[in-house]
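Report on the following structure.
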Amino acid sequence: MNIGQASKAAGVSAKMIRYYEQTGLIPAADRTASGYRDYSDTDVHMLRFIRRARDLGFSVAEIGNLLSLWRDETRQSSDVKRLALGHVDELKKKISELQDMVQTLTVLINSCRGDHRPHCPILKELGSDQDDKGLSVRPRVGAVA
């Protein structure tokens with residue numbers, strides 16, 4: 001099947017398929033006599049695997065590791081589990097960071113009158129000379145957004 005058909009069957013854009021080939025995540029597709037990419041059912045199955053892993057937030061490098069484990073019949077499930085647990089830890093860290101951002105923005109939003117005057121604490125904070133560690137306004141510990 002051509003790249004458009006493979007794209008539709010796997011739920012992955014043609015651009016992403018080309019990217020996965022370019023980065024070596026998947027092997028280069030066979031080519032027809034006229035030079036068009038030709039994908040097999042096995043290729044589509046691999047692309048679906050990648051799409052599902054991306055949907056779970058795995059990075060391209062992590063997906064490469066997962067694909068290696070998937071192909072390895074002698075793998076140990078503990079290796080897969082370790083990789084997945086590491087990913088869960090990273091997701092929890094991101095969730096915590098996002099919650100901090102929501103709380104900080106909520107504090108800023110609540111301090112802004114939102115009226116006709118030009119003074120805006122949100123813009124003032126974003127334009128402050130704080131270091132790259134973040135904003136000077138911090139949500140209270142235990143504050144609920």
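Within each chain, counting starts at residue 1; across the structure tokens, chains are named A, B, ... in the order shown, with ligands numbered 1 upward in that order.
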Members of stretch 20-123 of chain A assigned strand (DSSP E or B) by DSSP, as a VMD selection string: chain A and resid 30 to 31 37 to 38
Go ahead and write the selection's residues with N, CA and C atoms as a compact mmCIF listing (two decimals), in the first residue's frame.
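Saved to selection.txt:
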# COMPACT_ATOMS: atom_id res chain seq x y z
N ASP A 30 9.84 -0.40 1.49
CA ASP A 30 10.19 -0.89 0.16
C ASP A 30 9.70 0.13 -0.86
N ARG A 31 10.25 0.07 -2.04
CA ARG A 31 9.85 1.01 -3.10
C ARG A 31 9.29 0.23 -4.29
N ARG A 37 6.86 4.71 -2.09
CA ARG A 37 6.97 3.85 -0.91
C ARG A 37 5.85 2.81 -0.96
N ASP A 38 6.19 1.60 -0.50
CA ASP A 38 5.24 0.50 -0.50
C ASP A 38 5.26 -0.15 0.88
Can you build me a table of stretch 34-139 of chain A residues sitting at most 10 Å from stretch 9-23 of chain A, with the closest atom pair per residue and its distance in Å to one decimal, using only C-alpha atoms, sorted by chain and residue number, as a Markdown table?
| residue | atom | partner | partner_atom | distance |
| --- | --- | --- | --- | --- |
| A:Arg37 | CA | A:Arg18 | CA | 9.9 |
| A:Asp41 | CA | A:Ala9 | CA | 9.3 |
| A:Asp43 | CA | A:Ala10 | CA | 9.1 |
| A:Val44 | CA | A:Ala10 | CA | 5.6 |
| A:His45 | CA | A:Ala10 | CA | 7.2 |
| A:Met46 | CA | A:Ala10 | CA | 8.5 |
| A:Leu47 | CA | A:Ala10 | CA | 5.8 |
| A:Arg48 | CA | A:Ala10 | CA | 5.0 |
| A:Phe49 | CA | A:Ala10 | CA | 8.7 |
| A:Ile50 | CA | A:Val12 | CA | 8.9 |
| A:Arg51 | CA | A:Val12 | CA | 6.6 |
| A:Arg52 | CA | A:Gly11 | CA | 9.6 |
| A:Val60 | CA | A:Tyr20 | CA | 8.6 |
| A:Ala61 | CA | A:Thr23 | CA | 9.9 |
| A:Gly64 | CA | A:Thr23 | CA | 10.0 |
Go through A:Asn65, A:Gln5, A:Ser96, A:Thr106 and flag the residue nearest A:Ser40, using only C-alpha atoms for the distances.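 Closest to A:Ser40 of all the choices is A:Gln5.
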What does the structure give for the distance between atom CA of A:Gln99 and atom CA of A:Glu62, in Å to one decimal?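 These atoms are spaced 24.8 Å apart.
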Would you kindly return, as JSON, numbers by chain, each protein, DNA or RNA residue with an atom no farther than 7 Å from any atom of A:Ile122, considering only C-alpha atoms and excluding same-chain residues fewer than 6 positions away? {"A": [108, 109, 112]}
Output the selection as a PDB file, in the first residue's frame - N, CA and C atoms for each residue.
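Result file is out00.pdb:
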ATOM      1  N   LEU A 108      -2.338  35.058  39.731  1.00  0.00           N
ATOM      2  CA  LEU A 108      -2.193  36.265  38.903  1.00  0.00           C
ATOM      3  C   LEU A 108      -3.546  36.740  38.375  1.00  0.00           C
ATOM      4  N   ILE A 109      -4.350  35.822  37.911  1.00  0.00           N
ATOM      5  CA  ILE A 109      -5.680  36.179  37.384  1.00  0.00           C
ATOM      6  C   ILE A 109      -6.531  36.806  38.472  1.00  0.00           C
ATOM      7  N   CYS A 112      -5.732  40.425  39.110  1.00  0.00           N
ATOM      8  CA  CYS A 112      -5.997  41.357  38.007  1.00  0.00           C
ATOM      9  C   CYS A 112      -7.464  41.785  38.051  1.00  0.00           C
TER      10      CYS A 112
END
Of the residues A:Asp79, A:Gln130, A:Leu25, A:Pro121, which is the one nearest to A:Val107, using only C-alpha atoms?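 Among the listed residues, A:Pro121 lies closest to A:Val107.
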So what do you get for atom CA of A:Ser77 versus atom CA of A:Pro27, distance-wise?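 Distance reported for this atom pair: 24.5 Å.
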Tell me which protein, DNA and RNA residues are within 7 Å of A:Tyr39, counting only C-alpha atoms, leaving out same-chain ones fewer than 3 positions away, and put them as a list in words.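 Counting only the stated atoms, we get Met1, Asn2, Ile3, Ala6, Ala29, Asp30 and Asp43 of chain A.
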